[in-house]
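A quick write-up on the structure given underneath.
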Amino acid sequence: MDRGCYIGRFQPFHNGHLNMVEQIVDDDDIDELVLGIGSADASHAKHDPFTAGERIMMITKSLVDLDLVTYAVPIEDLERNSVWVSHVQSMSPEFDVAYSNNPLVIQLFGEAGVEVRQSPMFNREVLEGSEVRERMIKGKNWQPLVPDPVVEVIDEIGGIERIQRVSKTDGV
């Protein structure tokens with residue numbers, strides 16, 4: 001049995017993330033997946049509006065029907081890249097392979113001797129967290145960019161109102 005690890009901020013968990021997880025499911029040698037919730041200590045900001053717990057809800061509800069055992073694990077930020085991989089490893093179940101398209105993450109895992117697998121980006125020009133958050137802030141159509149359970153979680157927590165409020169400045 002092999003376990004993979006996919007790290008992301010998931011602010012919010014969107015269809016690009018879901019596509020990546022679905023590709024990992026198709027990877028015959030991965031039986032379980034750790035989803036590392038990066039920047040777990042950040043929330044209530046324009047760049048990081050959702051708490052780690054809210055992101056765990058989004059992920060768990062979005063992946064419930066997949067034939068894959070998953071573990072959502074909060075990973076707080078460190079300001080020292082040289083020890084980041086050991087920090088991730090200390091916070092999560094042991095894993096055999098990391099999945100990422102982030103150049104820094106690929107470099108750090110590679111230097112630590114962890115196999116890294118990349119996947120093609122899925123509709124990257126639209127499916128990125130900053131685009132989803134910007135649409136939320138501007139009151140534009142963001143719902144098609146995320147799985148339905150994410151829409152439900154964001155509605156439940158008042159996420160649109162939150163991101164719109166924290167994105168404002170106190171200037172006149």
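By order of appearance in the structure tokens: chains A, B, ..., then residues from 1 within every chain, and ligands from 1 in the order shown.
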Please report, as JSON lines, each residue of range 140-163 of chain A lying at most 8 Å from range 43-61 of chain A, together with the nearest pair of atoms and the separation in Å rounded to one decimal; use only C-alpha atoms, and order rows by chain and ascending residue number.
```
{"residue": "A:Pro149", "atom": "CA", "partner": "A:Lys61", "partner_atom": "CA", "distance": 5.8}
{"residue": "A:Val150", "atom": "CA", "partner": "A:Met58", "partner_atom": "CA", "distance": 5.0}
{"residue": "A:Val153", "atom": "CA", "partner": "A:Met58", "partner_atom": "CA", "distance": 6.3}
{"residue": "A:Gly159", "atom": "CA", "partner": "A:Phe50", "partner_atom": "CA", "distance": 7.5}
{"residue": "A:Arg162", "atom": "CA", "partner": "A:His44", "partner_atom": "CA", "distance": 7.2}
{"residue": "A:Ile163", "atom": "CA", "partner": "A:Pro49", "partner_atom": "CA", "distance": 5.8}
```
Take the residues just selected and output them with all heavy atoms as a short mmCIF file (atom, residue, chain, number, x, y, z; two decimals), in the first residue's frame.
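Writing the result to result_15.cif gives the following:
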```cif
data_model
loop_
_atom_site.label_atom_id
_atom_site.label_comp_id
_atom_site.auth_asym_id
_atom_site.auth_seq_id
_atom_site.Cartn_x
_atom_site.Cartn_y
_atom_site.Cartn_z
N PRO A 149 -20.16 20.76 -2.98
CA PRO A 149 -20.03 20.81 -1.52
C PRO A 149 -19.28 22.05 -1.02
O PRO A 149 -19.54 22.53 0.08
CB PRO A 149 -19.28 19.53 -1.18
CG PRO A 149 -19.59 18.60 -2.31
CD PRO A 149 -19.66 19.49 -3.52
N VAL A 150 -18.36 22.58 -1.82
CA VAL A 150 -17.63 23.78 -1.42
C VAL A 150 -18.57 24.98 -1.40
O VAL A 150 -18.52 25.82 -0.49
CB VAL A 150 -16.41 24.02 -2.34
CG1 VAL A 150 -15.75 25.37 -2.04
CG2 VAL A 150 -15.41 22.88 -2.18
N VAL A 153 -20.48 24.75 1.82
CA VAL A 153 -19.70 25.13 2.99
C VAL A 153 -19.54 26.65 3.04
O VAL A 153 -19.72 27.27 4.10
CB VAL A 153 -18.32 24.43 3.00
CG1 VAL A 153 -17.41 25.03 4.08
CG2 VAL A 153 -18.47 22.93 3.21
N GLY A 159 -19.06 32.80 3.94
CA GLY A 159 -17.75 33.04 3.36
C GLY A 159 -17.68 34.21 2.40
O GLY A 159 -16.67 34.91 2.35
N ARG A 162 -17.60 37.36 4.38
CA ARG A 162 -16.30 37.48 5.04
C ARG A 162 -15.24 38.00 4.09
O ARG A 162 -14.55 38.97 4.39
CB ARG A 162 -15.86 36.14 5.61
CG ARG A 162 -14.47 36.23 6.25
CD ARG A 162 -13.88 34.87 6.61
NE ARG A 162 -14.76 34.13 7.48
CZ ARG A 162 -14.65 32.82 7.70
NH1 ARG A 162 -13.68 32.14 7.12
NH2 ARG A 162 -15.48 32.20 8.50
N ILE A 163 -15.09 37.35 2.94
CA ILE A 163 -14.01 37.75 2.04
C ILE A 163 -14.25 39.16 1.49
O ILE A 163 -13.31 39.93 1.32
CB ILE A 163 -13.78 36.74 0.89
CG1 ILE A 163 -12.47 37.06 0.17
CG2 ILE A 163 -14.95 36.68 -0.06
CD1 ILE A 163 -12.01 35.99 -0.80
#
```
Exercise. Leu104 in chain A: which residues within 12 Å, counting only C-alpha atoms, same-chain residues fewer than 2 positions away excluded, as a ChimeraX atom specification?
Worked result: /A:7,81-82,84-85,100-102,106-111,116
Exercise. Which of these, A:Pro144, A:Gly36, A:Gly8, A:Pro74, has the shortest distance to Leu127 in chain A once you count only C-alpha atoms?
Worked result: A:Pro144
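Nearest to Gln89 in chain A of all the residues A:Ala42, A:Leu66, A:Val34, A:Val146 is A:Val34, counting only C-alpha atoms.
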For this session: Compare A:His14, A:Arg80, A:Arg117, A:Arg165 by their minimum atom-to-atom distance to Ser130 in chain A, counting only C-alpha atoms, and give me the closest one.
Result: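 Closest residue, counting only C-alpha atoms: A:His14.
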Problem set entry | All residues 8 Å or closer to Ser39 in chain A, only C-alpha atoms, same chain fewer than 6 positions away omitted, as a VMD selection string | chain A and resid 9 74 to 77
Let's have the selection written as a PDB file, in the first residue's frame, with C-alpha atoms.
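What landed in part.pdb:
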```
ATOM      1  CA  ARG A   9      -3.609  26.100   0.520  1.00  0.00           C
ATOM      2  CA  PRO A  74      -3.343  21.121   8.739  1.00  0.00           C
ATOM      3  CA  ILE A  75       0.203  22.307   8.060  1.00  0.00           C
ATOM      4  CA  GLU A  76       1.189  25.655   9.585  1.00  0.00           C
ATOM      5  CA  ASP A  77       3.596  27.908   7.726  1.00  0.00           C
TER       6      ASP A  77
END
```
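Nearest to Gly139 in chain A of all the residues A:Ile160, A:Val21, A:Val64, A:Val88 is A:Ile160, based on only C-alpha atoms.
The closest residue to Glu128 in chain A, picked from A:Gly38, A:Leu145, A:Asp96, A:Val114 and counting only C-alpha atoms, is A:Leu145.
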For this session: Give the answer as one residue: which of A:Arg135, A:Asp41, A:Val105, A:Asp65 has the shortest atom-to-atom distance to Leu18 in chain A, using only C-alpha atoms?
Result: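 Smallest separation from Leu18 in chain A among the options: A:Asp65.
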For this session: Check the DSSP output for the backbone and give back, as a ChimeraX atom specification, the residues of chain A in strand (DSSP E).
Result: /A:3-8,32-37,69-74,97-99,115-117
Exercise. Quick one, how far is CA of Pro93 in chain A from CA of Pro12 in chain A?
Worked result: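 These two atoms are separated by 23.1 Å.
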Exercise. Can you tell me, as a PyMOL selection string, what residues are no more than 12 Å from Glu22 in chain A when counting only C-alpha atoms, ignoring any on the same chain fewer than 4 positions away?
Worked result: chain A and resi 6+15-18+26-28+30+33+62-63+65-68+119+122
